[in-house]
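The file upload_38.cif contains mmCIF, C-alpha atoms:
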```cif
data_my_file
loop_
_atom_site.label_atom_id
_atom_site.label_comp_id
_atom_site.auth_asym_id
_atom_site.auth_seq_id
_atom_site.Cartn_x
_atom_site.Cartn_y
_atom_site.Cartn_z
CA MET W 352 -2.53 -17.48 16.38
CA THR W 353 -4.53 -20.63 17.28
CA THR W 354 -3.54 -23.67 19.34
CA ARG W 355 -4.68 -27.26 18.93
CA SER W 356 -5.67 -29.51 21.78
CA LEU W 357 -3.72 -32.77 22.13
CA PHE W 358 -5.72 -35.88 22.99
CA ALA W 359 -4.28 -38.50 25.28
CA ALA W 360 -5.54 -41.53 23.39
CA ALA W 361 -2.80 -42.79 21.09
CA ALA W 362 -5.16 -43.85 18.35
CA ALA W 363 -6.92 -40.51 18.28
CA ALA W 364 -3.56 -38.71 18.26
CA ALA W 365 -2.41 -40.72 15.29
CA VAL W 366 -5.54 -39.87 13.35
CA LEU W 367 -5.24 -36.20 14.29
CA ALA W 368 -1.57 -36.11 13.25
CA ALA W 369 -2.44 -37.58 9.88
CA CYS W 370 -5.15 -34.96 9.34
CA VAL W 371 -2.86 -32.13 10.41
CA SER W 372 -0.13 -33.34 8.06
CA SER W 373 -2.61 -33.53 5.21
CA ASP W 374 -3.96 -30.04 5.93
CA ALA W 375 -0.45 -28.58 6.18
CA ASN W 376 0.57 -30.16 2.91
CA GLN W 377 -2.55 -28.81 1.21
CA ALA W 378 -1.96 -25.30 2.66
CA ALA W 379 1.65 -25.35 1.45
CA SER W 380 0.48 -26.50 -1.98
CA ASP W 381 -2.17 -23.75 -2.12
CA SER W 382 0.40 -21.14 -1.06
CA ALA W 383 2.86 -22.33 -3.68
CA ASP W 384 0.15 -22.18 -6.35
CA GLU W 385 -0.85 -18.67 -5.23
CA HIS W 386 2.72 -17.36 -5.39
CA ALA W 387 3.81 -19.31 -8.47
CA GLY W 388 5.35 -16.93 -10.97
CA HIS W 389 5.13 -13.97 -8.58
CA ALA W 390 8.10 -12.18 -7.04
CA MET W 391 7.83 -10.42 -3.70
CA PRO W 392 7.96 -6.60 -3.74
CA ASN W 393 11.38 -4.99 -3.42
CA VAL W 394 12.06 -3.31 -0.07
CA VAL W 395 13.86 0.04 0.08
CA THR W 396 14.75 1.69 3.40
CA VAL W 397 14.80 5.48 3.46
CA VAL W 398 16.21 7.33 6.48
CA ALA W 399 14.91 10.89 6.86
CA ASN W 400 17.39 13.11 8.69
CA ASP W 401 17.24 16.87 9.23
CA PHE W 402 17.52 17.68 6.27
CA ALA W 403 18.65 14.87 4.00
CA PHE W 404 17.59 11.42 2.85
CA GLU W 405 19.73 8.30 3.14
CA ALA W 406 18.56 5.98 0.36
CA PRO W 407 19.92 3.87 -2.50
CA ALA W 408 21.00 5.49 -5.76
CA GLU W 409 19.56 2.60 -7.78
CA VAL W 410 16.36 0.59 -7.30
CA PRO W 411 15.04 -2.37 -9.34
CA ALA W 412 11.82 -1.81 -11.30
CA GLY W 413 8.53 -3.24 -10.08
CA LEU W 414 6.45 -3.23 -6.93
CA THR W 415 8.55 -1.62 -4.22
CA ARG W 416 7.86 -1.17 -0.52
CA PHE W 417 9.46 2.03 0.76
CA VAL W 418 10.05 2.07 4.52
CA LEU W 419 10.62 5.58 5.84
CA LYS W 420 12.44 5.93 9.17
CA GLY W 421 12.11 9.30 10.89
CA ALA W 422 15.62 9.88 12.24
CA GLY W 423 15.52 13.65 12.74
CA GLN W 424 13.92 16.00 15.21
CA GLN W 425 11.46 17.26 12.57
CA ILE W 426 8.72 15.41 10.70
CA HIS W 427 9.38 14.37 7.08
CA HIS W 428 7.79 12.44 4.27
CA ALA W 429 9.26 10.86 1.13
CA THR W 430 7.23 11.90 -1.90
CA ILE W 431 8.36 9.96 -4.98
CA ALA W 432 8.68 12.09 -8.12
CA LYS W 433 9.22 10.54 -11.54
CA LEU W 434 11.38 12.75 -13.76
CA GLU W 435 10.74 12.48 -17.51
CA GLY W 436 12.91 13.56 -20.42
CA GLY W 437 16.22 12.67 -18.81
CA LYS W 438 15.76 15.22 -16.03
CA THR W 439 17.60 14.71 -12.74
CA ALA W 440 17.25 15.62 -9.08
CA ALA W 441 19.46 18.66 -9.74
CA ASP W 442 16.99 19.81 -12.40
CA LEU W 443 14.16 19.29 -9.93
CA MET W 444 15.81 21.41 -7.25
CA ALA W 445 16.50 24.15 -9.79
CA ALA W 446 12.88 24.11 -10.98
CA PHE W 447 11.52 24.44 -7.45
CA LYS W 448 13.53 27.59 -6.84
CA THR W 449 10.88 29.36 -8.92
CA PRO W 450 7.44 29.63 -7.25
CA GLY W 451 4.59 27.94 -9.07
CA PRO W 452 3.35 24.48 -10.01
CA PRO W 453 5.81 21.65 -10.74
CA PRO W 454 7.10 21.48 -14.33
CA SER W 455 5.34 19.17 -16.76
CA TRP W 456 8.20 16.64 -16.67
CA VAL W 457 7.50 15.87 -12.98
CA THR W 458 4.82 13.41 -11.88
CA PHE W 459 4.23 12.29 -8.29
CA VAL W 460 3.55 8.60 -7.75
CA GLY W 461 3.07 8.39 -3.97
CA GLY W 462 5.49 7.19 -1.30
CA PRO W 463 5.35 7.06 2.50
CA ASN W 464 3.75 10.03 4.20
CA VAL W 465 4.77 11.54 7.53
CA PRO W 466 5.50 9.47 10.64
CA ASP W 467 6.41 11.10 13.94
CA PRO W 468 10.16 11.54 14.61
CA GLY W 469 11.58 8.20 15.70
CA ALA W 470 8.75 6.26 14.06
CA GLU W 471 8.26 4.59 10.67
CA ALA W 472 5.85 4.80 7.76
CA ASN W 473 5.63 2.83 4.55
CA ALA W 474 4.12 2.74 1.08
CA THR W 475 4.22 0.20 -1.72
CA VAL W 476 4.27 1.58 -5.26
CA ASP W 477 4.88 0.12 -8.73
CA LEU W 478 7.97 1.71 -10.29
CA THR W 479 8.76 1.72 -14.00
CA PRO W 480 12.32 2.32 -15.25
CA GLY W 481 13.58 5.90 -15.33
CA ASN W 482 14.87 8.77 -13.21
CA TYR W 483 13.20 9.53 -9.88
CA ALA W 484 13.68 11.65 -6.80
CA LEU W 485 12.57 11.53 -3.18
CA ILE W 486 11.47 14.97 -2.04
CA CYS W 487 10.13 16.41 1.21
CA PHE W 488 7.58 19.23 0.98
CA VAL W 489 7.01 19.49 4.75
CA ASP W 490 7.53 23.08 5.93
CA THR W 491 7.46 22.86 9.72
CA PRO W 492 8.49 24.51 11.92
CA ASP W 493 9.60 27.65 10.02
CA LYS W 494 7.39 27.34 6.92
CA VAL W 495 10.42 26.77 4.69
CA PRO W 496 9.87 23.57 2.68
CA HIS W 497 12.47 20.96 3.48
CA PHE W 498 13.45 20.50 -0.16
CA ALA W 499 14.76 24.09 -0.03
CA LYS W 500 17.13 22.87 2.70
CA GLY W 501 18.48 20.13 0.45
CA MET W 502 16.01 17.34 1.18
CA VAL W 503 15.96 15.86 -2.33
CA HIS W 504 17.50 12.51 -3.26
CA GLY W 505 17.79 11.30 -6.84
CA PHE W 506 17.69 7.63 -7.78
CA THR W 507 17.39 5.51 -10.91
CA VAL W 508 14.95 2.66 -11.44
CA THR W 509 16.47 -0.02 -13.65
CA GLY W 510 15.53 -3.31 -15.27
CA SER W 511 12.15 -4.71 -16.20
CA SER W 512 9.22 -5.03 -13.82
CA PRO W 513 8.93 -8.56 -12.38
CA ASN W 514 5.53 -10.14 -11.86
CA ALA W 515 5.31 -9.21 -8.20
CA MET W 516 2.25 -9.92 -6.06
CA ALA W 517 0.51 -6.82 -4.72
CA PRO W 518 -0.15 -6.61 -0.98
CA THR W 519 -3.45 -8.03 0.20
CA ALA W 520 -5.53 -5.07 1.37
CA ASP W 521 -8.27 -5.36 3.96
CA VAL W 522 -9.40 -1.73 3.45
CA ASN W 523 -9.86 0.15 0.18
CA LEU W 524 -9.63 3.93 -0.01
CA VAL W 525 -10.55 5.95 -3.09
CA LEU W 526 -9.40 9.57 -3.29
CA SER W 527 -11.71 11.98 -5.10
CA ASP W 528 -12.01 15.75 -5.48
CA TYR W 529 -12.21 16.41 -2.44
CA ALA W 530 -13.00 13.44 -0.24
CA PHE W 531 -11.64 10.27 1.36
CA ASN W 532 -13.88 7.34 0.47
CA PHE W 533 -13.18 4.31 2.69
CA ASP W 534 -15.07 1.13 1.86
CA LYS W 535 -15.41 0.31 5.57
CA PRO W 536 -14.75 1.96 8.95
CA LEU W 537 -11.19 1.69 10.24
CA THR W 538 -10.85 -0.34 13.43
CA ALA W 539 -8.10 -0.76 16.00
CA GLY W 540 -5.27 -3.05 14.93
CA ARG W 541 -3.10 -3.52 11.88
CA HIS W 542 -4.45 -2.76 8.40
CA THR W 543 -3.19 -2.87 4.84
CA ILE W 544 -4.90 -0.04 2.96
CA LYS W 545 -5.10 0.15 -0.81
CA VAL W 546 -5.20 3.79 -1.94
CA THR W 547 -6.49 4.64 -5.43
CA ASN W 548 -6.54 8.18 -6.78
CA SER W 549 -9.62 8.37 -8.99
CA ALA W 550 -9.70 12.19 -8.97
CA ALA W 551 -8.82 14.71 -11.66
CA GLN W 552 -5.74 15.97 -9.77
CA ASP W 553 -3.06 14.83 -7.35
CA HIS W 554 -4.04 13.94 -3.78
CA GLU W 555 -2.52 12.37 -0.67
CA ILE W 556 -3.65 10.92 2.62
CA GLN W 557 -1.96 11.83 5.88
CA LEU W 558 -3.28 10.08 8.99
CA ILE W 559 -3.02 11.87 12.33
CA HIS W 560 -3.91 10.36 15.70
CA LEU W 561 -5.44 13.24 17.65
CA ALA W 562 -4.41 13.86 21.24
CA PRO W 563 -7.17 13.21 23.81
CA GLY W 564 -9.85 15.88 23.65
CA LYS W 565 -8.53 17.40 20.41
CA THR W 566 -10.50 17.75 17.18
CA LEU W 567 -10.03 18.44 13.48
CA ALA W 568 -10.67 22.12 14.24
CA ASP W 569 -7.74 22.12 16.68
CA MET W 570 -5.51 20.57 14.01
CA GLN W 571 -6.55 23.15 11.41
CA GLN W 572 -5.86 25.99 13.87
CA TRP W 573 -2.41 24.58 14.58
CA ILE W 574 -1.65 24.25 10.85
CA ALA W 575 -2.48 27.94 10.37
CA LYS W 576 -0.03 29.11 13.08
CA MET W 577 2.27 26.14 13.79
CA ASP W 578 2.62 27.50 17.30
CA GLY W 579 3.60 24.93 19.92
CA PRO W 580 3.35 21.16 19.65
CA PRO W 581 0.78 19.71 17.21
CA PRO W 582 -2.47 18.37 18.71
CA GLY W 583 -1.79 14.87 17.41
CA SER W 584 0.73 12.31 16.18
CA ALA W 585 1.54 11.58 12.55
CA VAL W 586 1.06 7.88 11.74
CA GLY W 587 1.80 7.71 8.01
CA GLY W 588 -0.24 7.43 4.85
CA VAL W 589 0.55 7.98 1.17
CA ALA W 590 2.16 11.12 -0.23
CA SER W 591 1.00 13.02 -3.32
CA MET W 592 -0.02 10.70 -6.14
CA LYS W 593 -1.16 11.52 -9.65
CA PRO W 594 -4.61 10.49 -10.96
CA GLY W 595 -4.86 6.78 -11.71
CA THR W 596 -2.08 5.84 -9.30
CA ILE W 597 -2.36 3.04 -6.72
CA ASN W 598 -0.31 2.75 -3.50
CA TYR W 599 -0.60 0.49 -0.49
CA PHE W 600 0.37 1.21 3.10
CA ASP W 601 0.35 -0.69 6.38
CA VAL W 602 -0.62 1.03 9.59
CA GLU W 603 -1.19 0.01 13.21
CA LEU W 604 -4.12 1.94 14.69
CA GLU W 605 -4.87 2.42 18.37
CA PRO W 606 -8.36 3.34 19.56
CA GLY W 607 -9.08 7.06 19.47
CA GLU W 608 -9.89 10.00 17.24
CA TYR W 609 -8.09 10.39 13.92
CA VAL W 610 -7.87 12.84 11.05
CA ALA W 611 -7.33 12.06 7.38
CA ILE W 612 -6.08 15.16 5.58
CA CYS W 613 -4.67 16.25 2.21
CA PHE W 614 -2.14 19.10 2.01
CA VAL W 615 -1.60 18.99 -1.77
CA PRO W 616 -2.04 22.43 -3.41
CA ASP W 617 -5.07 22.76 -5.65
CA LYS W 618 -4.52 23.17 -9.38
CA GLY W 619 -7.14 25.90 -9.50
CA ASP W 620 -6.34 28.28 -6.65
CA GLY W 621 -3.20 26.85 -5.05
CA LYS W 622 -4.88 26.36 -1.68
CA PRO W 623 -4.21 23.08 0.17
CA HIS W 624 -6.99 20.59 -0.44
CA PHE W 625 -8.04 20.51 3.19
CA GLU W 626 -9.29 24.06 2.62
CA HIS W 627 -11.57 22.59 -0.03
CA GLY W 628 -12.96 20.14 2.52
CA MET W 629 -10.49 17.26 2.09
CA ALA W 630 -10.11 16.64 5.82
CA LYS W 631 -12.07 14.11 7.81
CA GLN W 632 -12.22 13.23 11.50
CA PHE W 633 -13.21 9.67 12.41
CA THR W 634 -13.23 7.35 15.39
CA VAL W 635 -11.21 4.13 15.62
CA SER W 636 -12.58 1.66 18.14
#
```

Take the structure from the file and write it as structure tokens.
Amino acid sequence: MTTRSLFAAAAAAAVLAACVSSDANQAASDSADEHAGHAMPNVVTVVANDFAFEAPAEVPAGLTRFVLKGAGQQIHHATIAKLEGGKTAADLMAAFKTPGPPPSWVTFVGGPNVPDPGAEANATVDLTPGNYALICFVDTPDKVPHFAKGMVHGFTVTGSSPNAMAPTADVNLVLSDYAFNFDKPLTAGRHTIKVTNSAAQDHEIQLIHLAPGKTLADMQQWIAKMDGPPPGSAVGGVASMKPGTINYFDVELEPGEYVAICFVPDKGDGKPHFEHGMAKQFTVS
């Protein structure tokens, strides 16, 4: 935020006031022109308890900002699954009782990835009408995925998509097989990141702020055993998203070491993508 000096001379003040008024009017006019015909994204609050979501049963179509509040003792995310062919959340839960890849009538379109308990994460995604579900695939601390404990919430997207204005991103991230491609280094402060999946299969980004002295290797060792507290804090990202999908998320970054990682299972061998190299440590300064 900037401040403007006030001059004592009355004549100069009058001239300055006239200029300020003119500038303000022009800025308001420019803003009105920019937003003319554009609706703001819908906002949906999702509360993640252990082990259930609190969320609406119906959501309007269009650009929607999902705000995930971690209200439990465990970490959770809110992956958004679109269910084709009239399928419901009950069908989804039944399908996941059988090991293997998701059925063909399920597509993942993103959603807010994991924040620490007590914190928030967000993602903005364009929703078309149909049946959807929020689902949590996190399997800490006992390696039982949370959806198996009932963490699935069905909802319906209704209406037509309004002409909403997409968030203004200051960082662009392209997901490929198997890499995170940022268009610029991430710096301390608040960022709006546009995430585009240009790969041949689903991917996600989970950001983790490493504890002092910890590294990506420490995080990978913890993932293998899940013994003791993790060597970092979850700060959000975008959950699994199909090829061609775009999400946006806002994040506040403190200086330090971070990891970007993808846990989505590979279509070929079923291994999480970080085992194919989709994990990256970087410094925020």

> Using only C-alpha atoms, which residues sit within 8 Å of Val394 (chain W) once same-chain residues fewer than 5 positions away are excluded, as an NGL selection string?
Replying inline: :W and (415-418)

>> I need the output of the PyMOL selection byres ((chain W and resi 483) around 12) for this file as JSON, numbers by chain; which residues are they?
In response: {"W": [407, 408, 409, 410, 412, 429, 430, 431, 432, 433, 434, 435, 436, 437, 438, 439, 440, 441, 442, 443, 456, 457, 458, 459, 460, 461, 462, 478, 479, 480, 481, 482, 484, 485, 486, 503, 504, 505, 506, 507, 508, 509]}

>> With the PyMOL selection byres ((chain W and resi 554) around 7) as the selection, what would be picked from this file? Answer as a PyMOL selection string, please.
In response: chain W and resi 526+548+552-553+555+591-593+613+615

For the selection just defined, write its residues with C-alpha atoms to a file, as a PDB file, keeping the file's coordinate frame.
```pdb
ATOM      1  CA  LEU W 526      -9.400   9.570  -3.290  1.00  0.00           C
ATOM      2  CA  ASN W 548      -6.540   8.180  -6.780  1.00  0.00           C
ATOM      3  CA  GLN W 552      -5.740  15.970  -9.770  1.00  0.00           C
ATOM      4  CA  ASP W 553      -3.060  14.830  -7.350  1.00  0.00           C
ATOM      5  CA  GLU W 555      -2.520  12.370  -0.670  1.00  0.00           C
ATOM      6  CA  SER W 591       1.000  13.020  -3.320  1.00  0.00           C
ATOM      7  CA  MET W 592      -0.020  10.700  -6.140  1.00  0.00           C
ATOM      8  CA  LYS W 593      -1.160  11.520  -9.650  1.00  0.00           C
ATOM      9  CA  CYS W 613      -4.670  16.250   2.210  1.00  0.00           C
ATOM     10  CA  VAL W 615      -1.600  18.990  -1.770  1.00  0.00           C
TER      11      VAL W 615
END
```

> Selected by the PyMOL selection byres ((chain W and resi 597-612) around 7) in the shown coordinates: which residues, as a ChimeraX atom specification?
Replying inline: /W:461,473-476,539-548,556-561,567,588,595-596,613-614,625,629-636

>> Report, in Å to a single decimal, how far apart CA of Pro581 (chain W) and CA of Leu419 (chain W) are.
In response: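 We find that CA of Leu419 (chain W) and CA of Pro581 (chain W) lie 20.6 Å from each other.
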
> Looking at all atoms listed in the file, which of W:Pro463, W:Pro563, W:Pro536, W:Pro450 is the one that sits closest to Ala499 (chain W)?
Replying inline: W:Pro450

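Distances here use only C-alpha atoms; by that measure, the residue among W:Ala422, W:Val589, W:Val395, W:Met444 closest to Asn464 (chain W) is W:Val589.
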
>> If we draw a sphere of 9 Å around (-10.0, -0.4, -1.3), which residues have at least one atom in it when counting all atoms listed in the file? Please report them as a PyMOL selection string.
In response: chain W and resi 520-525+532-535+544-547
